[in-house]
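Visitor: Just one file: work-v7.cif, with mmCIF, C-alpha atoms.
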```cif
data_final
#
loop_
_atom_site.group_PDB
_atom_site.id
_atom_site.type_symbol
_atom_site.label_atom_id
_atom_site.label_comp_id
_atom_site.auth_asym_id
_atom_site.auth_seq_id
_atom_site.Cartn_x
_atom_site.Cartn_y
_atom_site.Cartn_z
ATOM 1 C CA MET J 1 -7.399 -20.968 -12.299
ATOM 2 C CA THR J 2 -6.383 -17.424 -13.180
ATOM 3 C CA SER J 3 -3.978 -15.391 -11.078
ATOM 4 C CA LEU J 4 -6.872 -13.063 -10.222
ATOM 5 C CA LYS J 5 -8.900 -15.881 -8.688
ATOM 6 C CA LYS J 6 -5.847 -17.234 -6.865
ATOM 7 C CA ILE J 7 -5.288 -13.862 -5.228
ATOM 8 C CA MET J 8 -8.875 -13.611 -4.053
ATOM 9 C CA LEU J 9 -8.997 -17.147 -2.707
ATOM 10 C CA LEU J 10 -5.663 -16.868 -0.915
ATOM 11 C CA TRP J 11 -6.813 -13.659 0.772
ATOM 12 C CA GLY J 12 -10.189 -15.197 1.584
ATOM 13 C CA ILE J 13 -12.113 -13.010 -0.881
ATOM 14 C CA PRO J 14 -15.050 -14.547 -2.804
ATOM 15 C CA ALA J 15 -14.408 -14.710 -6.539
ATOM 16 C CA ALA J 16 -17.622 -12.775 -7.121
ATOM 17 C CA VAL J 17 -15.942 -9.659 -5.758
ATOM 18 C CA GLY J 18 -13.984 -9.409 -9.014
ATOM 19 C CA VAL J 19 -10.881 -7.548 -7.801
ATOM 20 C CA THR J 20 -8.625 -6.325 -10.615
ATOM 21 C CA MET J 21 -5.103 -7.037 -9.367
ATOM 22 C CA GLY J 22 -1.873 -8.001 -11.101
ATOM 23 C CA GLY J 23 -0.567 -11.529 -10.679
ATOM 24 C CA LEU J 24 2.012 -13.707 -12.387
ATOM 25 C CA ASP J 25 0.283 -13.327 -15.738
ATOM 26 C CA ALA J 26 -1.136 -9.804 -15.341
ATOM 27 C CA MET J 27 1.300 -7.048 -14.362
ATOM 28 C CA ALA J 28 -0.601 -3.914 -15.463
ATOM 29 C CA ILE J 29 -0.806 -2.421 -11.976
ATOM 30 C CA GLU J 30 -0.339 1.295 -11.486
ATOM 31 C CA GLU J 31 2.175 2.041 -8.728
ATOM 32 C CA ALA J 32 2.065 4.970 -6.361
ATOM 33 C CA PRO J 33 4.201 7.650 -8.076
ATOM 34 C CA TYR J 34 7.324 9.147 -6.542
ATOM 35 C CA THR J 35 10.581 10.863 -7.477
ATOM 36 C CA VAL J 36 13.893 9.507 -6.213
ATOM 37 C CA MET J 37 15.852 12.343 -4.625
ATOM 38 C CA GLU J 38 18.771 10.293 -3.347
ATOM 39 C CA LYS J 39 19.815 6.633 -3.539
ATOM 40 C CA SER J 40 22.323 4.496 -1.623
ATOM 41 C CA GLY J 41 22.165 0.736 -2.141
ATOM 42 C CA ASP J 42 18.759 -0.498 -0.966
ATOM 43 C CA PHE J 43 17.934 2.929 0.512
ATOM 44 C CA GLU J 44 16.142 5.763 -1.265
ATOM 45 C CA LEU J 45 14.943 9.234 -0.360
ATOM 46 C CA ARG J 46 11.694 9.812 -2.243
ATOM 47 C CA LYS J 47 9.278 12.660 -2.842
ATOM 48 C CA TYR J 48 5.640 11.596 -3.114
ATOM 49 C CA PRO J 49 2.938 13.863 -4.570
ATOM 50 C CA ALA J 50 -0.484 14.274 -2.985
ATOM 51 C CA THR J 51 -2.452 11.030 -3.253
ATOM 52 C CA ILE J 52 -5.884 9.699 -2.352
ATOM 53 C CA VAL J 53 -6.043 6.515 -0.306
ATOM 54 C CA ALA J 54 -8.796 4.174 0.783
ATOM 55 C CA GLU J 55 -7.924 3.175 4.330
ATOM 56 C CA THR J 56 -9.241 1.071 7.167
ATOM 57 C CA TYR J 57 -8.114 0.482 10.745
ATOM 58 C CA VAL J 58 -7.687 -3.032 12.099
ATOM 59 C CA GLU J 59 -6.851 -4.215 15.606
ATOM 60 C CA GLY J 60 -4.691 -7.298 16.021
ATOM 61 C CA ASP J 61 -1.216 -8.726 15.569
ATOM 62 C CA PHE J 62 1.290 -7.388 13.047
ATOM 63 C CA GLU J 63 1.093 -10.474 10.823
ATOM 64 C CA ASP J 64 -2.713 -10.829 10.913
ATOM 65 C CA VAL J 65 -4.106 -7.325 10.389
ATOM 66 C CA GLY J 66 -2.885 -7.060 6.792
ATOM 67 C CA SER J 67 -5.142 -9.880 5.599
ATOM 68 C CA GLU J 68 -8.242 -8.432 7.246
ATOM 69 C CA GLY J 69 -7.531 -4.934 5.981
ATOM 70 C CA PHE J 70 -6.838 -6.229 2.484
ATOM 71 C CA ARG J 71 -10.148 -8.097 2.370
ATOM 72 C CA ARG J 72 -12.118 -4.975 3.308
ATOM 73 C CA LEU J 73 -10.352 -2.750 0.794
ATOM 74 C CA ALA J 74 -10.396 -5.354 -1.972
ATOM 75 C CA ALA J 75 -14.146 -5.698 -1.576
ATOM 76 C CA TYR J 76 -14.454 -1.913 -1.940
ATOM 77 C CA ILE J 77 -12.466 -1.664 -5.169
ATOM 78 C CA GLY J 78 -14.150 -4.839 -6.421
ATOM 79 C CA GLY J 79 -17.594 -3.254 -6.419
ATOM 80 C CA LYS J 80 -18.915 -2.799 -2.881
ATOM 81 C CA ASN J 81 -19.353 0.941 -3.301
ATOM 82 C CA THR J 82 -21.784 3.552 -4.564
ATOM 83 C CA LYS J 83 -21.707 3.935 -8.331
ATOM 84 C CA LYS J 84 -20.509 7.016 -10.209
ATOM 85 C CA SER J 85 -21.687 7.526 -13.778
ATOM 86 C CA SER J 86 -18.305 8.185 -15.371
ATOM 87 C CA ILE J 87 -14.914 7.169 -13.988
ATOM 88 C CA ALA J 88 -11.728 6.868 -15.988
ATOM 89 C CA MET J 89 -9.907 3.579 -15.420
ATOM 90 C CA THR J 90 -6.153 2.963 -15.252
ATOM 91 C CA ALA J 91 -6.344 -0.663 -16.287
ATOM 92 C CA PRO J 92 -8.940 -2.826 -18.082
ATOM 93 C CA VAL J 93 -11.734 -3.611 -15.638
ATOM 94 C CA SER J 94 -15.233 -4.984 -15.951
ATOM 95 C CA GLN J 95 -18.455 -3.218 -15.057
ATOM 96 C CA GLU J 96 -21.531 -4.476 -13.264
ATOM 97 C CA ALA J 97 -24.832 -2.822 -12.478
ATOM 98 C CA GLY J 98 -24.968 -0.866 -9.264
ATOM 99 C CA SER J 99 -21.246 -0.800 -8.536
ATOM 100 C CA GLU J 100 -17.945 0.418 -9.881
ATOM 101 C CA LYS J 101 -14.799 -1.706 -10.074
ATOM 102 C CA ILE J 102 -11.607 0.202 -9.417
ATOM 103 C CA ALA J 103 -8.213 -0.822 -10.750
ATOM 104 C CA MET J 104 -5.796 -2.245 -8.188
ATOM 105 C CA THR J 105 -2.670 -0.239 -7.396
ATOM 106 C CA ALA J 106 0.517 -1.065 -5.530
ATOM 107 C CA PRO J 107 1.642 -1.175 -2.816
ATOM 108 C CA VAL J 108 -0.665 -2.236 0.005
ATOM 109 C CA SER J 109 0.560 -0.284 3.034
ATOM 110 C CA GLN J 110 0.329 -1.025 6.748
ATOM 111 C CA GLU J 111 1.084 1.490 9.491
ATOM 112 C CA GLN J 112 0.707 1.282 13.274
ATOM 113 C CA GLU J 113 -1.342 3.852 15.150
ATOM 114 C CA GLY J 114 -1.575 3.199 18.874
ATOM 115 C CA HIS J 115 -2.974 -0.303 19.415
ATOM 116 C CA ARG J 116 -4.344 -0.640 15.906
ATOM 117 C CA TRP J 117 -3.029 -0.708 12.343
ATOM 118 C CA ARG J 118 -3.935 1.393 9.335
ATOM 119 C CA VAL J 119 -4.111 -0.605 6.074
ATOM 120 C CA ALA J 120 -4.420 1.421 2.861
ATOM 121 C CA PHE J 121 -4.652 1.242 -0.917
ATOM 122 C CA VAL J 122 -3.539 4.206 -3.027
ATOM 123 C CA MET J 123 -6.291 5.081 -5.478
ATOM 124 C CA PRO J 124 -5.473 5.304 -9.212
ATOM 125 C CA SER J 125 -4.293 8.757 -10.263
ATOM 126 C CA SER J 126 -7.231 9.245 -12.646
ATOM 127 C CA TYR J 127 -9.600 9.702 -9.691
ATOM 128 C CA THR J 128 -10.404 12.715 -7.540
ATOM 129 C CA MET J 129 -12.279 12.842 -4.242
ATOM 130 C CA ASP J 130 -15.348 13.901 -6.248
ATOM 131 C CA THR J 131 -15.239 11.020 -8.734
ATOM 132 C CA LEU J 132 -14.378 8.143 -6.404
ATOM 133 C CA PRO J 133 -17.387 6.042 -5.395
ATOM 134 C CA ARG J 134 -18.080 5.936 -1.667
ATOM 135 C CA PRO J 135 -17.404 2.633 0.142
ATOM 136 C CA ASP J 136 -20.386 0.612 1.306
ATOM 137 C CA ASP J 137 -18.339 -0.479 4.335
ATOM 138 C CA ASP J 138 -18.307 2.349 6.888
ATOM 139 C CA ARG J 139 -14.980 1.055 8.257
ATOM 140 C CA ILE J 140 -13.330 2.366 5.077
ATOM 141 C CA THR J 141 -12.616 6.047 4.525
ATOM 142 C CA LEU J 142 -11.217 7.983 1.569
ATOM 143 C CA THR J 143 -8.489 10.431 2.525
ATOM 144 C CA GLU J 144 -6.314 12.853 0.559
ATOM 145 C CA LYS J 145 -2.691 12.694 1.708
ATOM 146 C CA PRO J 146 -0.447 15.745 1.218
ATOM 147 C CA PRO J 147 2.932 15.560 -0.561
ATOM 148 C CA ARG J 148 5.580 13.895 1.610
ATOM 149 C CA VAL J 149 9.281 13.103 1.621
ATOM 150 C CA MET J 150 9.901 9.484 2.617
ATOM 151 C CA ALA J 151 13.026 7.502 3.362
ATOM 152 C CA ALA J 152 12.659 3.944 2.066
ATOM 153 C CA ILE J 153 14.395 0.592 2.232
ATOM 154 C CA ARG J 154 13.572 -2.166 -0.241
ATOM 155 C CA TYR J 155 13.956 -5.878 0.471
ATOM 156 C CA SER J 156 12.663 -9.236 -0.731
ATOM 157 C CA GLY J 157 11.595 -12.277 1.233
ATOM 158 C CA THR J 158 8.934 -13.300 3.707
ATOM 159 C CA TRP J 159 6.445 -11.015 5.472
ATOM 160 C CA GLY J 160 7.286 -11.829 9.077
ATOM 161 C CA GLN J 161 7.708 -9.228 11.809
ATOM 162 C CA LYS J 162 11.307 -10.240 12.530
ATOM 163 C CA ARG J 163 12.479 -9.292 9.039
ATOM 164 C CA TYR J 164 10.390 -6.127 9.213
ATOM 165 C CA ASN J 165 12.058 -5.101 12.478
ATOM 166 C CA GLU J 166 15.540 -5.805 11.092
ATOM 167 C CA HIS J 167 15.022 -3.643 8.013
ATOM 168 C CA GLN J 168 13.268 -0.913 9.963
ATOM 169 C CA ALA J 169 16.340 -0.644 12.230
ATOM 170 C CA GLN J 170 18.562 -0.349 9.142
ATOM 171 C CA LEU J 171 16.376 2.401 7.704
ATOM 172 C CA ILE J 172 16.346 4.371 10.945
ATOM 173 C CA GLY J 173 20.130 4.100 11.020
ATOM 174 C CA TRP J 174 20.335 5.508 7.475
ATOM 175 C CA ILE J 175 18.029 8.387 8.411
ATOM 176 C CA ASP J 176 20.079 9.208 11.511
ATOM 177 C CA GLY J 177 23.312 8.956 9.540
ATOM 178 C CA ASN J 178 22.072 11.593 7.116
ATOM 179 C CA GLY J 179 20.974 13.954 9.868
ATOM 180 C CA TRP J 180 17.285 13.827 8.923
ATOM 181 C CA GLU J 181 14.391 13.912 11.384
ATOM 182 C CA MET J 182 11.646 11.309 11.385
ATOM 183 C CA ALA J 183 8.274 12.990 10.806
ATOM 184 C CA GLY J 184 5.878 10.082 11.225
ATOM 185 C CA GLU J 185 5.434 6.369 11.836
ATOM 186 C CA PRO J 186 7.037 3.652 9.657
ATOM 187 C CA VAL J 187 4.873 2.349 6.815
ATOM 188 C CA TRP J 188 5.176 -1.263 5.616
ATOM 189 C CA ALA J 189 4.529 -1.573 1.864
ATOM 190 C CA ARG J 190 3.857 -4.834 0.020
ATOM 191 C CA TYR J 191 3.762 -4.941 -3.769
ATOM 192 C CA ASN J 192 2.926 -8.580 -4.482
ATOM 193 C CA PRO J 193 0.097 -11.073 -3.901
ATOM 194 C CA PRO J 194 0.597 -13.858 -1.328
ATOM 195 C CA PHE J 195 1.299 -16.583 -3.904
ATOM 196 C CA MET J 196 4.325 -14.718 -5.291
ATOM 197 C CA PRO J 197 7.476 -16.743 -4.371
ATOM 198 C CA TRP J 198 9.123 -15.156 -1.335
ATOM 199 C CA PHE J 199 12.392 -14.504 -3.173
ATOM 200 C CA LEU J 200 10.575 -12.471 -5.865
ATOM 201 C CA ARG J 201 8.542 -10.300 -3.512
ATOM 202 C CA ARG J 202 9.092 -6.568 -3.286
ATOM 203 C CA ASN J 203 8.720 -5.290 0.246
ATOM 204 C CA GLU J 204 9.495 -1.798 1.504
ATOM 205 C CA ILE J 205 9.510 0.170 4.715
ATOM 206 C CA LEU J 206 8.989 3.924 4.393
ATOM 207 C CA ILE J 207 9.371 6.596 7.050
ATOM 208 C CA PRO J 208 8.328 10.257 6.573
ATOM 209 C CA VAL J 209 11.283 12.586 7.128
ATOM 210 C CA GLN J 210 12.009 16.281 7.403
ATOM 211 C CA ILE J 211 15.030 17.404 5.409
ATOM 212 C CA ASP J 212 16.796 20.636 4.537
ATOM 213 C CA GLN J 213 14.651 22.884 2.356
ATOM 214 C CA ASP J 214 17.384 23.243 -0.250
ATOM 215 C CA LYS J 215 17.374 19.457 -0.843
ATOM 216 C CA GLU J 216 13.674 19.561 -1.725
#
```
Would you encode the structure as structure tokens?
Guide:
Amino acid sequence: MTSLKKIMLLWGIPAAVGVTMGGLDAMAIEEAPYTVMEKSGDFELRKYPATIVAETYVEGDFEDVGSEGFRRLAAYIGGKNTKKSSIAMTAPVSQEAGSEKIAMTAPVSQEQEGHRWRVAFVMPSSYTMDTLPRPDDDRITLTEKPPRVMAAIRYSGTWGQKRYNEHQAQLIGWIDGNGWEMAGEPVWARYNPPFMPWFLRRNEILIPVQIDQDKE
């Protein structure tokens, strides 16, 4: 069984969806771009350009909403969308009548908003809002995010809430220690499929911050 099929089955996605996502034997995934402005150990201050995301909101527990959100978004990039006649691809993908398959990017992000969670995929940089196909699922929206400065902490290991809380506290401490102001909610970013061994996973927490203008 290919890594692609393993990913879909482990996330509960039918193989017919055809999601293009990197696994152990396919690592050609475009990552959300950013510039490192400052680095200290596992902490980084990053500047992100404007990006387009496909996002969906899910109600539930911290450790459960990611799977549901992933399934919705994976179905969208796998072909459950309106077709555009010409779309540049960032990785080799297959084509089928009536739908467009969109290359997978990393990371998958999760962010709390009230009593629900926002789960999002960054769209490949070759797309614009005009060229992206519209999702068939009305629970998914395409949104253009403005440039942002984010403080980030990177860690490996399991995806439980306890480890998330521990690293979030460390990141907030780093932000406070630098005299920056939080400008939004923490974002949990996962870069690997579920079958990746826990000790090889790349996990991050990112928090939007406001900094001195001269640093930007």
Visitor: Could you check which of J:Ala50, J:Pro124, J:Pro135, J:Trp159 is closest to Ser67 in chain J, using all atoms listed in the file?
Guide: J:Trp159
Visitor: Please compute the CA of Glu111 in chain J-CA of Thr158 in chain J distance, one decimal, in Å.
Guide: 17.7 Å
Visitor: Have a look at J:Ser40, J:Thr82, J:Thr35, J:Thr105 and name the one nearest to Ser125 in chain J; count all atoms listed in the file.
Guide: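 Ranking J:Ser40, J:Thr82, J:Thr35, J:Thr105 by distance to Ser125 in chain J, first place goes to J:Thr105.
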Visitor: Smallest atom-to-atom distance to Thr131 in chain J: which of J:Ala106, J:Ile52, J:Leu45, J:Ile29, using only C-alpha atoms?
Guide: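 Checking each of J:Ala106, J:Ile52, J:Leu45, J:Ile29 against Thr131 in chain J, counting only C-alpha atoms, the winner is J:Ile52.
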Visitor: Residues within 12 Å of Phe43 in chain J, please, as a PDB file with C-alpha atoms, in the frame of the given file. Count all atoms listed in the file; anything in the same chain fewer than 3 positions from it doesn't count.
Guide:
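The new file part17.pdb reads:
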```
ATOM      1  CA  VAL J  36      13.893   9.507  -6.213  1.00  0.00           C
ATOM      2  CA  MET J  37      15.852  12.343  -4.625  1.00  0.00           C
ATOM      3  CA  GLU J  38      18.771  10.293  -3.347  1.00  0.00           C
ATOM      4  CA  LYS J  39      19.815   6.633  -3.539  1.00  0.00           C
ATOM      5  CA  SER J  40      22.323   4.496  -1.623  1.00  0.00           C
ATOM      6  CA  ARG J  46      11.694   9.812  -2.243  1.00  0.00           C
ATOM      7  CA  MET J 150       9.901   9.484   2.617  1.00  0.00           C
ATOM      8  CA  ALA J 151      13.026   7.502   3.362  1.00  0.00           C
ATOM      9  CA  ALA J 152      12.659   3.944   2.066  1.00  0.00           C
ATOM     10  CA  ILE J 153      14.395   0.592   2.232  1.00  0.00           C
ATOM     11  CA  ARG J 154      13.572  -2.166  -0.241  1.00  0.00           C
ATOM     12  CA  TYR J 155      13.956  -5.878   0.471  1.00  0.00           C
ATOM     13  CA  HIS J 167      15.022  -3.643   8.013  1.00  0.00           C
ATOM     14  CA  GLN J 168      13.268  -0.913   9.963  1.00  0.00           C
ATOM     15  CA  GLN J 170      18.562  -0.349   9.142  1.00  0.00           C
ATOM     16  CA  LEU J 171      16.376   2.401   7.704  1.00  0.00           C
ATOM     17  CA  ILE J 172      16.346   4.371  10.945  1.00  0.00           C
ATOM     18  CA  GLY J 173      20.130   4.100  11.020  1.00  0.00           C
ATOM     19  CA  TRP J 174      20.335   5.508   7.475  1.00  0.00           C
ATOM     20  CA  ILE J 175      18.029   8.387   8.411  1.00  0.00           C
ATOM     21  CA  ASN J 178      22.072  11.593   7.116  1.00  0.00           C
ATOM     22  CA  GLU J 204       9.495  -1.798   1.504  1.00  0.00           C
ATOM     23  CA  ILE J 205       9.510   0.170   4.715  1.00  0.00           C
ATOM     24  CA  LEU J 206       8.989   3.924   4.393  1.00  0.00           C
ATOM     25  CA  ILE J 207       9.371   6.596   7.050  1.00  0.00           C
TER      26      ILE J 207
END
```
Visitor: Could you jot down the CA of Arg190 in chain J to CA of Ile77 in chain J separation for me, Å, one decimal place?
Guide: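 Taking CA of Arg190 in chain J as the start and CA of Ile77 in chain J as the end point, the length is 17.4 Å.
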